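What follows is the content of entry_37.cif (mmCIF, C-alpha atoms).
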```cif
data_protein
loop_
_atom_site.label_atom_id
_atom_site.label_comp_id
_atom_site.auth_asym_id
_atom_site.auth_seq_id
_atom_site.Cartn_x
_atom_site.Cartn_y
_atom_site.Cartn_z
CA MET A 1 0.00 0.00 0.00
CA THR A 2 1.33 3.40 -0.92
CA SER A 3 -0.60 6.07 0.96
CA ASP A 4 -2.59 6.91 4.03
CA ARG A 5 -5.83 6.25 2.16
CA ILE A 6 -5.87 2.61 3.15
CA ALA A 7 -8.32 0.37 4.96
CA ARG A 8 -8.44 -3.17 6.27
CA ARG A 9 -11.70 -4.96 6.92
CA THR A 10 -12.82 -8.43 7.93
CA ARG A 11 -16.24 -10.05 7.93
CA SER A 12 -17.34 -13.43 9.19
CA THR A 13 -20.82 -14.93 8.96
CA SER A 14 -22.21 -18.46 8.94
CA GLU A 15 -22.13 -18.25 5.13
CA SER A 16 -18.72 -16.73 4.37
CA SER A 17 -15.65 -15.17 5.90
CA GLY A 18 -12.72 -13.16 4.69
CA GLU A 19 -10.47 -10.15 4.87
CA ARG A 20 -9.92 -7.24 2.53
CA GLU A 21 -7.22 -4.61 2.35
CA LEU A 22 -7.08 -1.74 -0.09
CA GLY A 23 -5.02 1.32 -0.88
CA LEU A 24 -6.71 3.98 -2.96
CA ASP A 25 -3.46 5.53 -4.19
CA GLY A 26 -1.79 2.39 -5.46
CA THR A 27 -0.72 1.03 -8.81
CA GLY A 28 -3.42 -1.60 -9.29
CA ARG A 29 -1.60 -4.48 -7.62
CA SER A 30 -3.93 -7.24 -6.44
CA ASP A 31 -3.98 -10.55 -4.64
CA ILE A 32 -7.49 -11.95 -5.01
CA SER A 33 -8.87 -15.30 -3.87
CA THR A 34 -12.62 -15.59 -3.24
CA SER A 35 -13.09 -19.23 -4.36
CA VAL A 36 -15.25 -17.81 -7.21
CA PRO A 37 -12.84 -17.70 -10.18
CA PHE A 38 -14.76 -15.31 -12.43
CA PHE A 39 -15.34 -12.90 -9.53
CA ASP A 40 -11.59 -13.05 -8.84
CA HIS A 41 -11.08 -12.03 -12.47
CA MET A 42 -13.49 -9.10 -12.12
CA LEU A 43 -11.94 -7.84 -8.88
CA THR A 44 -8.48 -8.10 -10.42
CA ALA A 45 -9.69 -5.99 -13.34
CA PHE A 46 -11.29 -3.50 -10.94
CA ALA A 47 -8.01 -3.12 -9.02
CA LYS A 48 -5.91 -2.76 -12.17
CA HIS A 49 -8.11 -0.19 -13.88
CA SER A 50 -8.97 1.87 -10.80
CA LEU A 51 -5.29 1.93 -9.66
CA THR A 52 -6.39 0.53 -6.32
CA ASP A 53 -4.10 -1.90 -4.54
CA LEU A 54 -6.38 -4.68 -3.39
CA THR A 55 -6.05 -7.84 -1.34
CA VAL A 56 -9.12 -10.05 -0.94
CA LYS A 57 -9.16 -13.41 0.79
CA ALA A 58 -12.58 -15.03 1.16
CA THR A 59 -14.15 -18.42 1.59
CA GLY A 60 -17.80 -19.40 1.73
CA ASP A 61 -20.53 -21.89 1.02
CA THR A 62 -19.94 -21.87 -2.73
CA HIS A 63 -20.99 -25.52 -2.84
CA ILE A 64 -24.50 -24.09 -2.35
CA ASP A 65 -24.22 -20.89 -4.39
CA VAL A 66 -21.71 -18.10 -5.03
CA HIS A 67 -24.25 -15.50 -3.90
CA HIS A 68 -23.16 -15.23 -0.25
CA THR A 69 -19.45 -15.00 -0.99
CA VAL A 70 -19.90 -12.40 -3.75
CA GLU A 71 -22.27 -10.32 -1.64
CA ASP A 72 -20.16 -10.39 1.52
CA THR A 73 -16.99 -9.60 -0.41
CA ALA A 74 -18.66 -6.60 -2.07
CA ILE A 75 -20.09 -5.40 1.26
CA VAL A 76 -16.68 -5.38 2.92
CA LEU A 77 -15.01 -3.87 -0.14
CA GLY A 78 -17.55 -1.05 -0.04
CA GLU A 79 -16.95 -0.49 3.66
CA ALA A 80 -13.20 -0.38 3.08
CA ILE A 81 -13.58 2.15 0.25
CA ARG A 82 -15.72 4.38 2.45
CA GLU A 83 -13.20 4.19 5.29
CA ALA A 84 -10.20 4.83 3.06
CA LEU A 85 -11.82 7.89 1.44
CA GLY A 86 -11.88 9.63 4.81
CA ASP A 87 -13.54 13.07 4.73
CA LYS A 88 -13.04 13.18 0.90
CA SER A 89 -11.20 16.49 1.07
CA GLY A 90 -9.55 17.46 -2.21
CA ILE A 91 -10.99 14.69 -4.37
CA SER A 92 -12.43 15.15 -7.85
CA ARG A 93 -15.66 13.49 -6.60
CA TYR A 94 -17.05 12.69 -10.07
CA GLY A 95 -15.88 10.19 -12.67
CA ASP A 96 -17.17 9.00 -16.03
CA ALA A 97 -15.88 6.19 -18.22
CA LEU A 98 -16.89 4.48 -21.43
CA VAL A 99 -15.18 1.10 -21.85
CA PRO A 100 -15.32 -1.38 -24.76
CA LEU A 101 -14.42 -5.06 -24.69
CA ASP A 102 -14.63 -6.33 -28.23
CA GLU A 103 -18.34 -6.15 -29.11
CA ALA A 104 -19.43 -5.04 -25.62
CA LEU A 105 -19.60 -1.42 -24.52
CA ALA A 106 -20.39 -0.14 -21.02
CA GLN A 107 -20.54 3.26 -19.41
CA ALA A 108 -20.20 4.05 -15.71
CA VAL A 109 -20.60 7.33 -13.88
CA VAL A 110 -19.52 7.64 -10.23
CA ASP A 111 -20.29 10.33 -7.67
CA ILE A 112 -18.58 9.92 -4.31
CA SER A 113 -21.63 11.53 -2.79
CA GLY A 114 -22.13 9.79 0.54
CA ARG A 115 -25.60 8.93 -0.77
CA PRO A 116 -25.86 5.30 -1.89
CA TYR A 117 -27.74 4.89 -5.16
CA LEU A 118 -27.38 2.52 -8.10
CA VAL A 119 -28.95 2.82 -11.54
CA HIS A 120 -28.05 -0.22 -13.63
CA THR A 121 -29.53 -0.72 -17.09
CA GLY A 122 -29.01 -2.23 -20.52
CA GLU A 123 -27.98 -5.83 -19.86
CA PRO A 124 -29.58 -8.01 -22.54
CA THR A 125 -32.57 -10.18 -21.75
CA GLY A 126 -31.49 -13.43 -20.15
CA PHE A 127 -28.06 -12.12 -19.12
CA GLU A 128 -28.92 -12.47 -15.44
CA MET A 129 -29.49 -16.21 -15.88
CA HIS A 130 -26.32 -16.93 -17.86
CA LEU A 131 -23.61 -18.91 -16.09
CA ILE A 132 -20.20 -17.31 -16.68
CA GLY A 133 -17.11 -19.40 -16.04
CA GLY A 134 -19.16 -22.22 -14.61
CA HIS A 135 -19.76 -20.50 -11.27
CA PHE A 136 -20.92 -16.91 -11.64
CA THR A 137 -24.42 -16.02 -12.84
CA GLY A 138 -24.95 -12.74 -14.69
CA SER A 139 -27.28 -11.53 -11.92
CA MET A 140 -24.26 -11.32 -9.61
CA VAL A 141 -22.90 -8.31 -11.52
CA ARG A 142 -25.76 -6.11 -10.39
CA HIS A 143 -25.79 -7.67 -6.95
CA ALA A 144 -22.08 -6.94 -6.43
CA PHE A 145 -22.59 -3.36 -7.61
CA GLU A 146 -25.54 -2.91 -5.24
CA ALA A 147 -23.59 -4.13 -2.22
CA LEU A 148 -20.49 -2.12 -3.08
CA THR A 149 -22.24 1.19 -3.83
CA PHE A 150 -24.47 1.00 -0.77
CA HIS A 151 -21.64 0.32 1.66
CA ALA A 152 -19.17 2.71 0.00
CA GLY A 153 -21.70 5.55 -0.10
CA LEU A 154 -21.46 6.01 -3.86
CA THR A 155 -23.96 7.13 -6.45
CA VAL A 156 -23.33 4.96 -9.50
CA HIS A 157 -24.94 4.74 -12.93
CA VAL A 158 -23.91 1.79 -15.12
CA ARG A 159 -25.28 1.31 -18.62
CA VAL A 160 -24.60 -1.52 -21.03
CA LEU A 161 -24.72 0.10 -24.47
CA GLY A 162 -24.05 -3.05 -26.45
CA GLY A 163 -22.76 -6.58 -26.25
CA ARG A 164 -23.38 -10.23 -27.03
CA ASP A 165 -20.92 -12.32 -25.03
CA PRO A 166 -21.84 -12.40 -21.30
CA HIS A 167 -18.19 -12.53 -20.21
CA HIS A 168 -17.40 -9.44 -22.27
CA ILE A 169 -20.46 -7.58 -21.01
CA ALA A 170 -19.68 -8.25 -17.35
CA GLU A 171 -16.01 -7.37 -17.75
CA ALA A 172 -16.79 -4.14 -19.60
CA GLU A 173 -19.11 -3.16 -16.74
CA PHE A 174 -16.51 -3.81 -14.04
CA LYS A 175 -13.80 -2.01 -15.99
CA ALA A 176 -16.04 0.97 -16.66
CA LEU A 177 -16.87 1.20 -12.96
CA ALA A 178 -13.17 0.96 -12.15
CA ARG A 179 -12.16 3.73 -14.55
CA ALA A 180 -14.93 6.04 -13.36
CA PHE A 181 -14.01 5.38 -9.73
CA ARG A 182 -10.35 6.08 -10.55
CA GLN A 183 -11.30 9.57 -11.71
CA ALA A 184 -13.66 10.24 -8.83
CA LYS A 185 -11.25 9.22 -6.06
CA SER A 186 -8.29 11.11 -7.52
CA PHE A 187 -7.09 14.35 -6.00
CA ASP A 188 -7.73 17.57 -7.92
CA ALA A 189 -5.18 20.33 -7.28
CA LEU A 190 -7.88 22.97 -7.89
CA VAL A 191 -10.22 21.58 -5.22
CA GLN A 192 -9.89 23.13 -1.81
CA GLY A 193 -11.54 21.21 1.00
CA ILE A 194 -14.56 19.03 0.47
CA PRO A 195 -16.14 19.32 -3.00
CA SER A 196 -19.69 19.99 -1.84
CA THR A 197 -21.68 23.11 -1.08
CA LYS A 198 -22.87 21.31 2.04
CA GLY A 199 -19.35 21.06 3.36
CA ALA A 200 -19.60 17.32 3.82
CA LEU A 201 -19.94 14.19 1.68
#
```

Produce structure tokens that represent the structure in this file.
Amino acid sequence: MTSDRIARRTRSTSESSGERELGLDGTGRSDISTSVPFFDHMLTAFAKHSLTDLTVKATGDTHIDVHHTVEDTAIVLGEAIREALGDKSGISRYGDALVPLDEALAQAVVDISGRPYLVHTGEPTGFEMHLIGGHFTGSMVRHAFEALTFHAGLTVHVRVLGGRDPHHIAEAEFKALARAFRQAKSFDALVQGIPSTKGAL
């Protein structure tokens, strides 16, 4: 980890347990192991493209379903992001990214607002039922975004503008979120104090 904007969190329930560590001012280094391979791939992409150093170690009842492990991981990741952001003084606050992956195209807009809200549209019909990588259903993309945005205190809009391959669609969404978050969390030399007329975020 490379700055003071770091956080470490653990969570243990009857369904899953794990620890997460992140540094917001990193280089995108990651060490991810959730026992859900495709989710590991998505979190690795999120770390790389948001320039967030990220360590995630999680285990859970994936013999039943990946739902609990994905949800709990996203909850703790969101909590860690919120903690690491601190009072948000000097940040850009807003970020916007449009990311292609072959035929897929996704847009994400992030506001580090302190007000959790997710608008998520455009995934093709049936995407939520598709099994990606043998473990991860398409519905988990939205569910991970919901848990992360709520616990991080972010306002997030994600739109799928095109796509056919479920893997490509999901990855474009995660990368778009990462790139938008990278902008929003970055420091802006022109911003003095907290970027809100309310004086708090």

Selection result for the PyMOL selection byres ((chain A and resi 56) around 7) on this file, as an MDAnalysis selection string: chainID A and resid 19:21 31:34 54:55 57:58

Smallest atom-to-atom distance to A:Lys175: which of A:Val158, A:Ala7, A:Met129, A:Ala74, using all atoms listed in the file? A:Val158

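The residue that comes closest to A:His157, out of A:Gln192, A:Gln183, A:Thr137, A:Gln107 and on the basis of only C-alpha atoms, is A:Gln107.
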
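The neighbours of A:Arg179 here are the residues that come within 7 Å of it, using only C-alpha atoms and leaving out any residue fewer than 3 positions away in the same chain; they are His49, Ser50, Ala97, Lys175, Ala176, Arg182 and Gln183 of chain A.
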
Could you tell me which residues the PyMOL selection byres ((chain A and resi 155) around 8) returns for this structure, as a VMD selection string? chain A and resid 110 to 118 149 153 to 154 156 to 157

Can you give me, as a PyMOL selection string, the residues this file yields under the PyMOL selection byres ((chain A and resi 38) around 8)? chain A and resi 36-37+39-42+132-133+135-136

Just how far from atom CA of A:Arg93 is atom CA of A:Leu190, in Å to one decimal? 12.3 Å

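For the pair atom CA of A:Val160 and atom CA of A:Pro100, the interatomic distance is 10.0 Å.
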
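The residue that comes closest to A:Leu131, out of A:Ala152, A:Val109, A:Ala200, A:Val66 and on the basis of all atoms listed in the file, is A:Val66.
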
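Between atom CA of A:Asp87 and atom CA of A:Leu201 lies a distance of 7.2 Å.
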
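Nearest residue to A:Asp25 among A:Glu171, A:Lys185, A:Val99, A:Gly78 is A:Lys185, counting all atoms listed in the file.
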
In terms of only C-alpha atoms, the residue from A:His143, A:Arg5, A:Arg11, A:His130 at minimal distance from A:Leu77 is A:Arg11

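With all atoms listed in the file as the atoms that count, the minimum distance from A:Gly95 to the choices A:Phe174, A:Phe127, A:Phe181, A:Phe46 is reached by A:Phe181.
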